[in-house]
Amino acid sequence: MNVKLTRQENESGDEALATQGFGRIADQRPPEFDPEADRDAACDFFTDNGFVVLKACLPSDDLATLNNFYDRTQRESPEVWGLGARRKPHHRNQGLIFSQPLLDYPELDRFTQHPGSYPLVEQILGGAERVRFSEFNFRETPENAGIGTMNFHHDAVSADRLIREPYMPCDWLCAIHYLSDVGPTTPAFCVVPGSNRFETLREVFDAQGDQYQETPIYGNAGTCVLYDTATFHTRLDGDGIASRRTWHQYYARGGWLRSTLPTTNKYVRAPSPVLTNWNLFPERLALHPDAKKRLFFSHWNTAQCEWVASGFDPQVRKSMPRGEQ
Ligand SMILES: [Fe+2]
């Protein structure tokens, strides 16, 4: 893929600058795959690049349902979005976040394994029995939010990602669904393809040479980006005026998996660790009557364990950092 320079390219080696990228923006958009017809090709692209873009993953009625959910809950429960008088620390500088909507809104349960993107999630993580739920939240950059600066970063990573063979399936996977149209004037997700087996962005830049590029992901509402959480990424701000809505869901890899390291061929990968020490699953999901659903919601952190032990006591939930919302 050809690249062009749209910001001054930073080749000074200054790591403080490097965290904001090297300014080498891809001049071609990455391919968009049909999540059903092109599923195998989409899986291969993800394996090669650490991300993949899926088109039209949400039918118009689902888009309307989710956007109406934003409108209704922002109106009726502004505090859960950080819109009340007391803005919470985890809402600052990130736009608006509704961190744990599943706790109190069972109507959202069907979105946790959405038929648009979920079959590919299963394929990427090695089969239906390997996928675990991690986290589900809604985010919005409101109109006139201004320009913040998010650095390129990766999310959760495991140390063995640098040396294990095979690399796939990855440890965690995030699905970002665009709930509004995303283009150059709006905030946009941006990735560095093939960056998931490096410790720093500088190492990616040095190793990839002329191939290094930063790839903005534009797309219509309903577009889904799946990315390996080890892939370097950021949020481009757009013009600071236009708004954007996104639904973020994280999945983890479950089960034990034979693998190899350079030093031993007897390596077994454990289930991926939990992503946070605060994220909670409600009783109807954690103790679901369907064993397959219980397995899907089985990656509990210690806060969840304590909440389960209490019999899902609302007071225990309320004492947790984002339990009150
Ligand atoms: Fe991130």
# chains A, B, ... in the order shown; residues from 1 in each chain; ligands from 1
>>> residues_around(residues="range 158-170 of chain A", least_positions_apart="4", cutoff="9 Å", atoms="only C-alpha atoms", output="ChimeraX atom specification")
/A:47,50,124-126,196-199,228-230,252-253,259-262,267,269,272-273
>>> residues_around(residues="range 118-123 of chain A", least_positions_apart="5", cutoff="12 Å", atoms="only C-alpha atoms", output="JSON, numbers by chain")
{"A": [33, 34, 35, 36, 37, 38, 39, 40, 41, 42, 43, 44, 45, 46, 47, 51, 52, 53, 54, 57, 58, 110, 111, 112, 113, 128, 129, 130, 131, 132, 133, 168, 169, 170, 172, 173, 174, 175, 176, 177, 224, 225, 226, 227, 228, 249, 250, 251, 252, 253, 254, 296]}
>>> residues_near_ligand(ligand="ligand 1", cutoff="9 Å", atoms="only C-alpha atoms and all ligand atoms", output="CSV table (one decimal) with C-alpha atoms, in the first residue's frame")
chain,number,residue,atom,x,y,z
A,152,PHE,CA,-0.6,5.6,19.8
A,153,HIS,CA,-0.7,2.7,22.2
A,154,HIS,CA,-1.7,-0.9,22.5
A,155,ASP,CA,-4.3,-2.2,25.0
A,156,ALA,CA,-3.7,-5.4,27.0
A,229,THR,CA,-5.5,-5.4,21.4
A,232,PHE,CA,-0.8,0.0,18.0
A,233,HIS,CA,-3.7,2.3,17.6
A,234,THR,CA,-5.1,5.7,18.4
A,235,ARG,CA,-8.1,8.0,17.9
>>> residues_around(residues="Ile147 in chain A", least_positions_apart="4", cutoff="9 Å", atoms="only C-alpha atoms", output="list in words")
Asp237, Gly238, Asp239, Gly240 and Ile241 of chain A
>>> select_by_dssp(residues="range 94-184 of chain A", states="strand (DSSP E)", output="JSON, numbers by chain")
{"A": [96, 97, 98, 131, 132, 133, 134, 135, 136, 137, 138, 139, 140, 141, 172, 173, 174, 175, 176, 177, 178]}
>>> atom_distance(atom1="CA of Pro115 in chain A", atom2="CA of Asp61 in chain A")
13.8 Å
>>> closest_residue(among="A:Asp48, A:Asn137, A:Gly127, A:Leu66", to="Phe98 in chain A", atoms="only C-alpha atoms")
A:Asn137
>>> closest_residue(among="A:Thr246, A:Asn151, A:Thr215, A:Asn67", to="Leu201 in chain A", atoms="only C-alpha atoms")
A:Asn151
>>> select_by_dssp(residues="range 157-192 of chain A", states="helix (DSSP H, G or I)", output="MDAnalysis selection string")
chainID A and resid 159:162
